[in-house]
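Peer 1: work08.pdb is reproduced below (PDB, C-alpha atoms, pLDDT in the B column).
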ATOM      1  CA  MET A   1     -36.574  51.220 -23.840  1.00 53.00           C
ATOM      2  CA  ALA A   2     -35.147  51.267 -27.350  1.00 66.00           C
ATOM      3  CA  ARG A   3     -32.561  48.650 -28.206  1.00 77.00           C
ATOM      4  CA  ILE A   4     -29.130  50.079 -29.048  1.00 85.00           C
ATOM      5  CA  ASN A   5     -27.916  48.689 -32.363  1.00 90.00           C
ATOM      6  CA  TYR A   6     -24.456  50.265 -32.481  1.00 94.00           C
ATOM      7  CA  ASP A   7     -21.134  49.572 -30.765  1.00 95.00           C
ATOM      8  CA  GLY A   8     -19.813  53.104 -30.519  1.00 96.00           C
ATOM      9  CA  VAL A   9     -20.481  56.777 -31.075  1.00 96.00           C
ATOM     10  CA  LEU A  10     -18.103  58.978 -33.072  1.00 97.00           C
ATOM     11  CA  GLU A  11     -18.051  62.416 -31.458  1.00 95.00           C
ATOM     12  CA  THR A  12     -15.228  64.398 -33.104  1.00 96.00           C
ATOM     13  CA  ALA A  13     -12.293  63.950 -35.461  1.00 96.00           C
ATOM     14  CA  HIS A  14      -8.903  65.492 -36.104  1.00 96.00           C
ATOM     15  CA  PHE A  15      -7.450  65.555 -39.609  1.00 95.00           C
ATOM     16  CA  LYS A  16      -3.876  65.691 -40.857  1.00 94.00           C
ATOM     17  CA  PRO A  17      -2.920  68.512 -43.265  1.00 94.00           C
ATOM     18  CA  ASP A  18      -3.262  66.066 -46.192  1.00 91.00           C
ATOM     19  CA  GLY A  19      -6.969  65.525 -45.402  1.00 88.00           C
ATOM     20  CA  GLN A  20      -6.639  62.071 -43.841  1.00 92.00           C
ATOM     21  CA  ILE A  21      -8.036  61.366 -40.377  1.00 95.00           C
ATOM     22  CA  ASP A  22      -5.350  61.511 -37.673  1.00 96.00           C
ATOM     23  CA  TRP A  23      -7.513  60.426 -34.711  1.00 97.00           C
ATOM     24  CA  VAL A  24     -11.147  60.273 -33.625  1.00 97.00           C
ATOM     25  CA  ARG A  25     -12.841  60.708 -30.248  1.00 97.00           C
ATOM     26  CA  VAL A  26     -15.421  58.009 -29.554  1.00 97.00           C
ATOM     27  CA  TYR A  27     -17.552  56.424 -26.858  1.00 96.00           C
ATOM     28  CA  GLN A  28     -17.460  52.622 -26.941  1.00 96.00           C
ATOM     29  CA  ARG A  29     -20.294  50.433 -25.746  1.00 94.00           C
ATOM     30  CA  ARG A  30     -19.334  47.974 -23.037  1.00 91.00           C
ATOM     31  CA  GLY A  31     -22.370  45.825 -22.425  1.00 88.00           C
ATOM     32  CA  PRO A  32     -25.257  48.008 -21.283  1.00 87.00           C
ATOM     33  CA  VAL A  33     -23.048  51.070 -20.614  1.00 90.00           C
ATOM     34  CA  PHE A  34     -20.709  53.329 -22.587  1.00 91.00           C
ATOM     35  CA  SER A  35     -17.111  54.259 -21.873  1.00 91.00           C
ATOM     36  CA  ASP A  36     -15.765  57.723 -21.233  1.00 91.00           C
ATOM     37  CA  ARG A  37     -14.256  59.498 -24.214  1.00 93.00           C
ATOM     38  CA  ILE A  38     -11.565  57.471 -25.941  1.00 96.00           C
ATOM     39  CA  LEU A  39      -9.081  58.679 -28.555  1.00 97.00           C
ATOM     40  CA  LEU A  40      -8.398  56.198 -31.360  1.00 97.00           C
ATOM     41  CA  LYS A  41      -5.724  56.642 -33.997  1.00 98.00           C
ATOM     42  CA  ARG A  42      -6.885  56.130 -37.578  1.00 96.00           C
ATOM     43  CA  ALA A  43      -5.427  52.606 -37.789  1.00 96.00           C
ATOM     44  CA  GLU A  44      -7.146  51.548 -34.548  1.00 97.00           C
ATOM     45  CA  PHE A  45     -10.473  52.958 -35.730  1.00 97.00           C
ATOM     46  CA  ILE A  46     -10.153  51.157 -39.072  1.00 96.00           C
ATOM     47  CA  GLY A  47      -9.387  47.953 -37.160  1.00 96.00           C
ATOM     48  CA  GLN A  48     -12.601  48.391 -35.153  1.00 96.00           C
ATOM     49  CA  LEU A  49     -14.638  48.923 -38.331  1.00 96.00           C
ATOM     50  CA  LYS A  50     -13.001  45.923 -40.043  1.00 95.00           C
ATOM     51  CA  ALA A  51     -13.838  43.786 -36.995  1.00 96.00           C
ATOM     52  CA  GLY A  52     -17.517  44.526 -37.624  1.00 95.00           C
ATOM     53  CA  LYS A  53     -18.036  47.169 -34.942  1.00 96.00           C
ATOM     54  CA  ARG A  54     -20.849  49.574 -35.857  1.00 96.00           C
ATOM     55  CA  TYR A  55     -20.248  53.259 -35.170  1.00 97.00           C
ATOM     56  CA  VAL A  56     -22.636  56.174 -35.582  1.00 96.00           C
ATOM     57  CA  VAL A  57     -22.090  59.926 -35.485  1.00 95.00           C
ATOM     58  CA  GLY A  58     -23.512  61.529 -32.371  1.00 94.00           C
ATOM     59  CA  GLU A  59     -23.112  63.397 -29.146  1.00 94.00           C
ATOM     60  CA  ARG A  60     -23.796  62.496 -25.527  1.00 93.00           C
ATOM     61  CA  ILE A  61     -26.916  64.034 -23.991  1.00 92.00           C
ATOM     62  CA  HIS A  62     -25.839  66.147 -21.018  1.00 90.00           C
ATOM     63  CA  ASN A  63     -26.616  64.513 -17.622  1.00 87.00           C
ATOM     64  CA  MET A  64     -28.164  61.446 -19.288  1.00 86.00           C
ATOM     65  CA  GLY A  65     -25.285  58.949 -18.938  1.00 79.00           C
ATOM     66  CA  GLY A  66     -25.353  56.466 -21.813  1.00 84.00           C
ATOM     67  CA  LYS A  67     -27.899  58.308 -23.953  1.00 90.00           C
ATOM     68  CA  PHE A  68     -26.873  59.918 -27.224  1.00 92.00           C
ATOM     69  CA  ASN A  69     -28.324  61.974 -30.038  1.00 93.00           C
ATOM     70  CA  VAL A  70     -27.185  59.913 -33.023  1.00 93.00           C
ATOM     71  CA  SER A  71     -27.484  60.607 -36.706  1.00 91.00           C
ATOM     72  CA  GLN A  72     -25.598  58.736 -39.433  1.00 93.00           C
ATOM     73  CA  PRO A  73     -23.654  55.474 -39.572  1.00 94.00           C
ATOM     74  CA  VAL A  74     -19.906  55.411 -40.204  1.00 95.00           C
ATOM     75  CA  HIS A  75     -18.659  53.132 -43.003  1.00 93.00           C
ATOM     76  CA  LEU A  76     -15.315  51.808 -44.146  1.00 94.00           C
ATOM     77  CA  LEU A  77     -14.949  51.889 -47.924  1.00 92.00           C
ATOM     78  CA  ASP A  78     -12.267  50.354 -50.126  1.00 90.00           C
ATOM     79  CA  LYS A  79     -11.243  52.805 -52.848  1.00 84.00           C
ATOM     80  CA  ASN A  80      -8.485  51.718 -55.212  1.00 82.00           C
ATOM     81  CA  GLY A  81      -6.844  49.536 -52.576  1.00 83.00           C
ATOM     82  CA  SER A  82      -6.925  52.084 -49.763  1.00 88.00           C
ATOM     83  CA  GLN A  83      -9.354  52.423 -46.877  1.00 92.00           C
ATOM     84  CA  VAL A  84     -11.635  55.445 -46.713  1.00 93.00           C
ATOM     85  CA  ILE A  85     -13.782  56.335 -43.699  1.00 94.00           C
ATOM     86  CA  ALA A  86     -17.095  57.912 -44.680  1.00 92.00           C
ATOM     87  CA  VAL A  87     -20.357  58.938 -43.038  1.00 92.00           C
ATOM     88  CA  GLY A  88     -23.848  58.029 -44.237  1.00 82.00           C
ATOM     89  CA  SER A  89     -24.192  57.110 -47.889  1.00 78.00           C
ATOM     90  CA  SER A  90     -21.105  59.053 -48.999  1.00 74.00           C
ATOM     91  CA  GLN A  91     -18.972  57.361 -51.646  1.00 77.00           C
ATOM     92  CA  ALA A  92     -16.016  59.742 -51.245  1.00 76.00           C
ATOM     93  CA  GLY A  93     -12.536  58.986 -52.515  1.00 80.00           C
ATOM     94  CA  ALA A  94     -10.947  60.376 -49.335  1.00 86.00           C
ATOM     95  CA  ASP A  95     -11.946  60.413 -45.660  1.00 89.00           C
ATOM     96  CA  ASP A  96     -15.284  62.234 -45.473  1.00 88.00           C
ATOM     97  CA  LEU A  97     -16.873  62.905 -42.085  1.00 90.00           C
ATOM     98  CA  THR A  98     -19.493  65.451 -43.108  1.00 87.00           C
ATOM     99  CA  GLY A  99     -21.422  66.567 -40.053  1.00 85.00           C
ATOM    100  CA  VAL A 100     -18.762  65.511 -37.551  1.00 89.00           C
ATOM    101  CA  PRO A 101     -17.178  68.329 -35.506  1.00 90.00           C
ATOM    102  CA  ILE A 102     -13.509  68.776 -36.370  1.00 91.00           C
ATOM    103  CA  ILE A 103     -10.859  69.591 -33.781  1.00 87.00           C
TER     104      ILE A 103
END
In structure tokens, how does this file's structure come out?
Peer 2:
Amino acid sequence: MARINYDGVLETAHFKPDGQIDWVRVYQRRGPVFSDRILLKRAEFIGQLKAGKRYVVGERIHNMGGKFNVSQPVHLLDKNGSQVIAVGSSQAGADDLTGVPII
């Protein structure tokens, strides 16, 4: 069995009209299992990333419990004194979740 090297899975996001993330829907790892869907406001999600939690973009495999199809890591970047949430190797100046479904 493959070792899981991430603390959570980012499933979807909701953006404000100004292009900044409002909230995200994630699954958080709790030991060997994952939580149900959890909504995190932007500030809470940034706090998780600052605390060293590793999130990846993905989706739960239907009827497979804690198994996910995952793709890219989520990073917290510091651009001109403000935090930017980005996916993969993106160096965007604003929140950039390319490949993440938007609600």
Peer 1: Give me the residues near stretch 81-87 of chain A as a list in words, where near means some atom within 10 Å (using all atoms listed in the file) and where sequence neighbours in that chain fewer than 4 positions away do not count.
Peer 2: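 Residues meeting the cut-off are Gln20, Ile21, Arg42, Ala43, Phe45, Ile46, Leu49, Tyr55, Val56, Val57, Ser71, Gln72, Pro73, Val74, His75, Leu76, Leu77, Gln91, Ala92, Gly93, Ala94, Asp95, Asp96, Leu97, Thr98, Gly99 and Val100 of chain A.
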Peer 1: Name every residue that the PyMOL selection byres ((chain A and resi 54) around 6) selects in this structure, writing the answer as a ChimeraX atom specification with chains first and numbers rising.
Peer 2: /A:6-7,53,55
Peer 1: Quick one: pull the distance between atom CA of A:Val24 and atom CA of A:Lys41, Å, one decimal.
Peer 2: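 Distance between the two atoms: 6.5 Å.
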Peer 1: In terms of the shortest atom-to-atom distance over all atoms listed in the file, which of A:Trp23, A:Lys67, A:His14, A:Lys50 is closest to A:Ser35?
Peer 2: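 That would be A:Lys67, the residue with the smallest distance to A:Ser35.
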Peer 1: For stretch 61-66 of chain A, work out the shell of residues within 10 Å, counting all atoms listed in the file and skipping chain neighbours fewer than 3 positions away, then give it as a list in words.
Peer 2: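 The residues that qualify are Tyr27, Arg29, Pro32, Val33, Phe34, Ser35, Asp36, Gly58, Asn69 and Val70 of chain A.
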Peer 1: Could you tell me, as a PyMOL selection string, exactly which residues end up selected when the PyMOL selection byres ((chain A and resi 26) around 9) is applied to this structure?
Peer 2: chain A and resi 8-13+24-25+27-28+35-40+55
Peer 1: Report, in Å to a single decimal, how far apart atom CA of A:Asn80 and atom CA of A:Ile102 are.
Peer 2: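 Calculated distance between atom CA of A:Ile102 and atom CA of A:Asn80 is 25.9 Å.
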Peer 1: Calculate how many Å separate atom CA of A:Ser90 from atom CA of A:Phe15, rounding to one decimal.
Peer 2: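 These two atoms are separated by 17.8 Å.
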